[in-house]
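The structure appears below as structure tokens.
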Amino acid sequence: MRSTGARRRALRSLLVRGKAAEQAELAKSLAESGHVVSQSTISRDLRYLGAVKDRDGRYRLGSLNDRSDHPKDPDRRLSKAINTYAVSIEASANLVVMKTFPGAASVVASALDAALETGEIGDALGTVAGDDTVLVVATQPTGGRNVKKQLERIGEMV
């Protein structure tokens, strides 16, 4: 069984490449890449990604010019969360520790987890949040520095 994030990345890729299709066609394309899903799952994923239906009944991402204006866009949400709440980001081995303002760690971790689902942070496994600290675990034993750089770039902290 493949993960929700992998399935959504595959669906987003189909939409980005202009494979704007009806749900049945999208389901067939996803099944060919190993993601067997029901119509209701595709519908939820399309809604999550901010896809819209054209007059022809075919799907595309929410904005023709720039998807980042969509309020549910996980990448924009993470950028805003880091810019608003992050105080510092440090890395060690496969860990990244992000300090936030008190009470804000769960907001940042939630945004980070949503961005992980889209593949924006490809080198991270997940997060753990306290009150003012977010722990991010990198996929590689020495990947903390790389994840730190990605987070700084996304949050425009460099």
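Naming scheme: A, B, ... for chains in displayed order of the structure tokens; residues 1 onward per chain; ligands 1 onward as shown.
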Just want the 10 Å neighbourhood of Asn83 of chain A, counted on only C-alpha atoms, with same-chain residues fewer than 4 positions away dropped. Output as a count of residues only.
10
If you count only C-alpha atoms, which residues fall within 8 Å of Gln140 of chain A, apart from same-chain ones fewer than 3 positions away, as a PyMOL selection string?
chain A and resi 94+123+143-144
Go ahead and write the selection's residues with N, CA and C atoms as a PDB file, in the first residue's frame.
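Heads up, here's the output in again-v1.pdb:
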ATOM      1  N   ASN A  94      20.703  13.662  11.899  1.00  0.00           N
ATOM      2  CA  ASN A  94      19.478  13.550  11.112  1.00  0.00           C
ATOM      3  C   ASN A  94      18.310  14.317  11.739  1.00  0.00           C
ATOM      4  N   ASP A 123      13.313  15.391   2.050  1.00  0.00           N
ATOM      5  CA  ASP A 123      14.325  14.710   2.851  1.00  0.00           C
ATOM      6  C   ASP A 123      13.915  14.516   4.302  1.00  0.00           C
ATOM      7  N   GLY A 143      21.260  13.863   7.258  1.00  0.00           N
ATOM      8  CA  GLY A 143      20.442  14.749   6.438  1.00  0.00           C
ATOM      9  C   GLY A 143      19.897  15.984   7.119  1.00  0.00           C
ATOM     10  N   GLY A 144      20.184  16.167   8.403  1.00  0.00           N
ATOM     11  CA  GLY A 144      19.652  17.319   9.120  1.00  0.00           C
ATOM     12  C   GLY A 144      20.030  18.650   8.500  1.00  0.00           C
TER      13      GLY A 144
END
Set the distance at 12 Å and use only C-alpha atoms: which residues neighbour Lys28 of chain A once local chain neighbours fewer than 6 positions away are removed? I'd like the list as a PyMOL selection string.
chain A and resi 11+14+19+21-22+34-39+42
For the residues selected in the previous step, produce a file with N, CA and C atoms as a short mmCIF file (atom, residue, chain, number, x, y, z; two decimals), in the first residue's frame.
data_model
loop_
_atom_site.label_atom_id
_atom_site.label_comp_id
_atom_site.auth_asym_id
_atom_site.auth_seq_id
_atom_site.Cartn_x
_atom_site.Cartn_y
_atom_site.Cartn_z
N LEU A 11 -0.84 12.42 -8.26
CA LEU A 11 -2.00 13.11 -8.81
C LEU A 11 -1.63 14.54 -9.20
N LEU A 14 0.24 14.55 -12.41
CA LEU A 14 -0.64 14.40 -13.57
C LEU A 14 -1.29 15.73 -13.94
N LYS A 19 -2.37 16.63 -17.59
CA LYS A 19 -3.22 15.45 -17.68
C LYS A 19 -4.55 15.74 -17.00
N ALA A 21 -7.92 15.54 -16.47
CA ALA A 21 -8.86 14.54 -16.96
C ALA A 21 -10.05 14.42 -16.03
N GLU A 22 -11.00 13.64 -16.47
CA GLU A 22 -12.12 13.32 -15.59
C GLU A 22 -11.61 12.37 -14.52
N GLY A 34 0.54 2.46 -9.73
CA GLY A 34 0.54 1.71 -8.47
C GLY A 34 -0.35 2.27 -7.38
N HIS A 35 -1.19 3.23 -7.71
CA HIS A 35 -2.08 3.84 -6.71
C HIS A 35 -3.52 3.50 -7.08
N VAL A 36 -4.02 2.38 -6.61
CA VAL A 36 -5.40 1.98 -6.89
C VAL A 36 -6.30 2.69 -5.88
N VAL A 37 -7.21 3.53 -6.38
CA VAL A 37 -8.05 4.34 -5.49
C VAL A 37 -9.49 4.37 -5.98
N SER A 38 -10.38 4.71 -5.06
CA SER A 38 -11.79 4.85 -5.39
C SER A 38 -12.06 6.28 -5.87
N GLN A 39 -13.25 6.47 -6.43
CA GLN A 39 -13.65 7.81 -6.89
C GLN A 39 -13.70 8.78 -5.72
N ILE A 42 -10.20 9.99 -4.89
CA ILE A 42 -9.73 10.97 -5.89
C ILE A 42 -10.40 12.31 -5.64
#
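The residue that comes closest to Glu25 of chain A, out of A:Pro141, A:Tyr59, A:Lys148, A:Ala114 and on the basis of only C-alpha atoms, is A:Tyr59.
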So that I can check the secondary structure, give me every residue of segment 12-54 of chain A assigned helix (DSSP H, G or I) by backbone DSSP, as JSON, numbers by chain.
{"A": [12, 13, 14, 15, 16, 23, 24, 25, 26, 27, 28, 29, 30, 31, 32, 39, 40, 41, 42, 43, 44, 45, 46, 47, 48, 49]}
Go through A:Glu32, A:Asp54, A:Asp132, A:Glu120 and flag the residue nearest Ala105 of chain A, using only C-alpha atoms for the distances.
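Using only C-alpha atoms, the shortest distance to Ala105 of chain A belongs to A:Asp132.
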Give me the residues near Gly119 of chain A as a VMD selection string, where near means some atom within 12 Å (using only C-alpha atoms) and where sequence neighbours in that chain fewer than 4 positions away do not count.
chain A and resid 3 to 10 12 to 13 74 to 75 112 to 115 123 to 126 150
Generate the output file for the selected residues, C-alpha atoms, as a CSV table (one decimal), in the first residue's frame.
chain,number,residue,atom,x,y,z
A,3,SER,CA,1.2,6.5,1.2
A,4,THR,CA,-1.3,9.3,0.9
A,5,GLY,CA,1.5,11.7,0.2
A,6,ALA,CA,2.9,9.6,-2.6
A,7,ARG,CA,-0.6,9.3,-4.2
A,8,ARG,CA,-1.2,13.0,-3.9
A,9,ARG,CA,2.2,13.8,-5.4
A,10,ALA,CA,1.4,11.5,-8.3
A,12,ARG,CA,-0.5,16.6,-8.6
A,13,SER,CA,2.1,15.5,-11.2
A,74,PRO,CA,0.7,23.5,1.9
A,75,ASP,CA,3.9,25.0,0.5
A,112,LEU,CA,5.4,21.2,7.8
A,113,ASP,CA,3.5,17.8,7.8
A,114,ALA,CA,1.2,19.1,5.1
A,115,ALA,CA,4.2,20.2,3.0
A,123,ASP,CA,14.3,14.7,2.9
A,124,ALA,CA,12.2,14.6,6.0
A,125,LEU,CA,10.2,11.8,7.6
A,126,GLY,CA,8.0,13.8,10.0
A,150,GLN,CA,15.3,23.6,2.8
What is the distance, in Å and to one decimal place, between atom CA of Arg76 of chain A and atom CA of Glu117 of chain A?
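The value is 13.4 Å.
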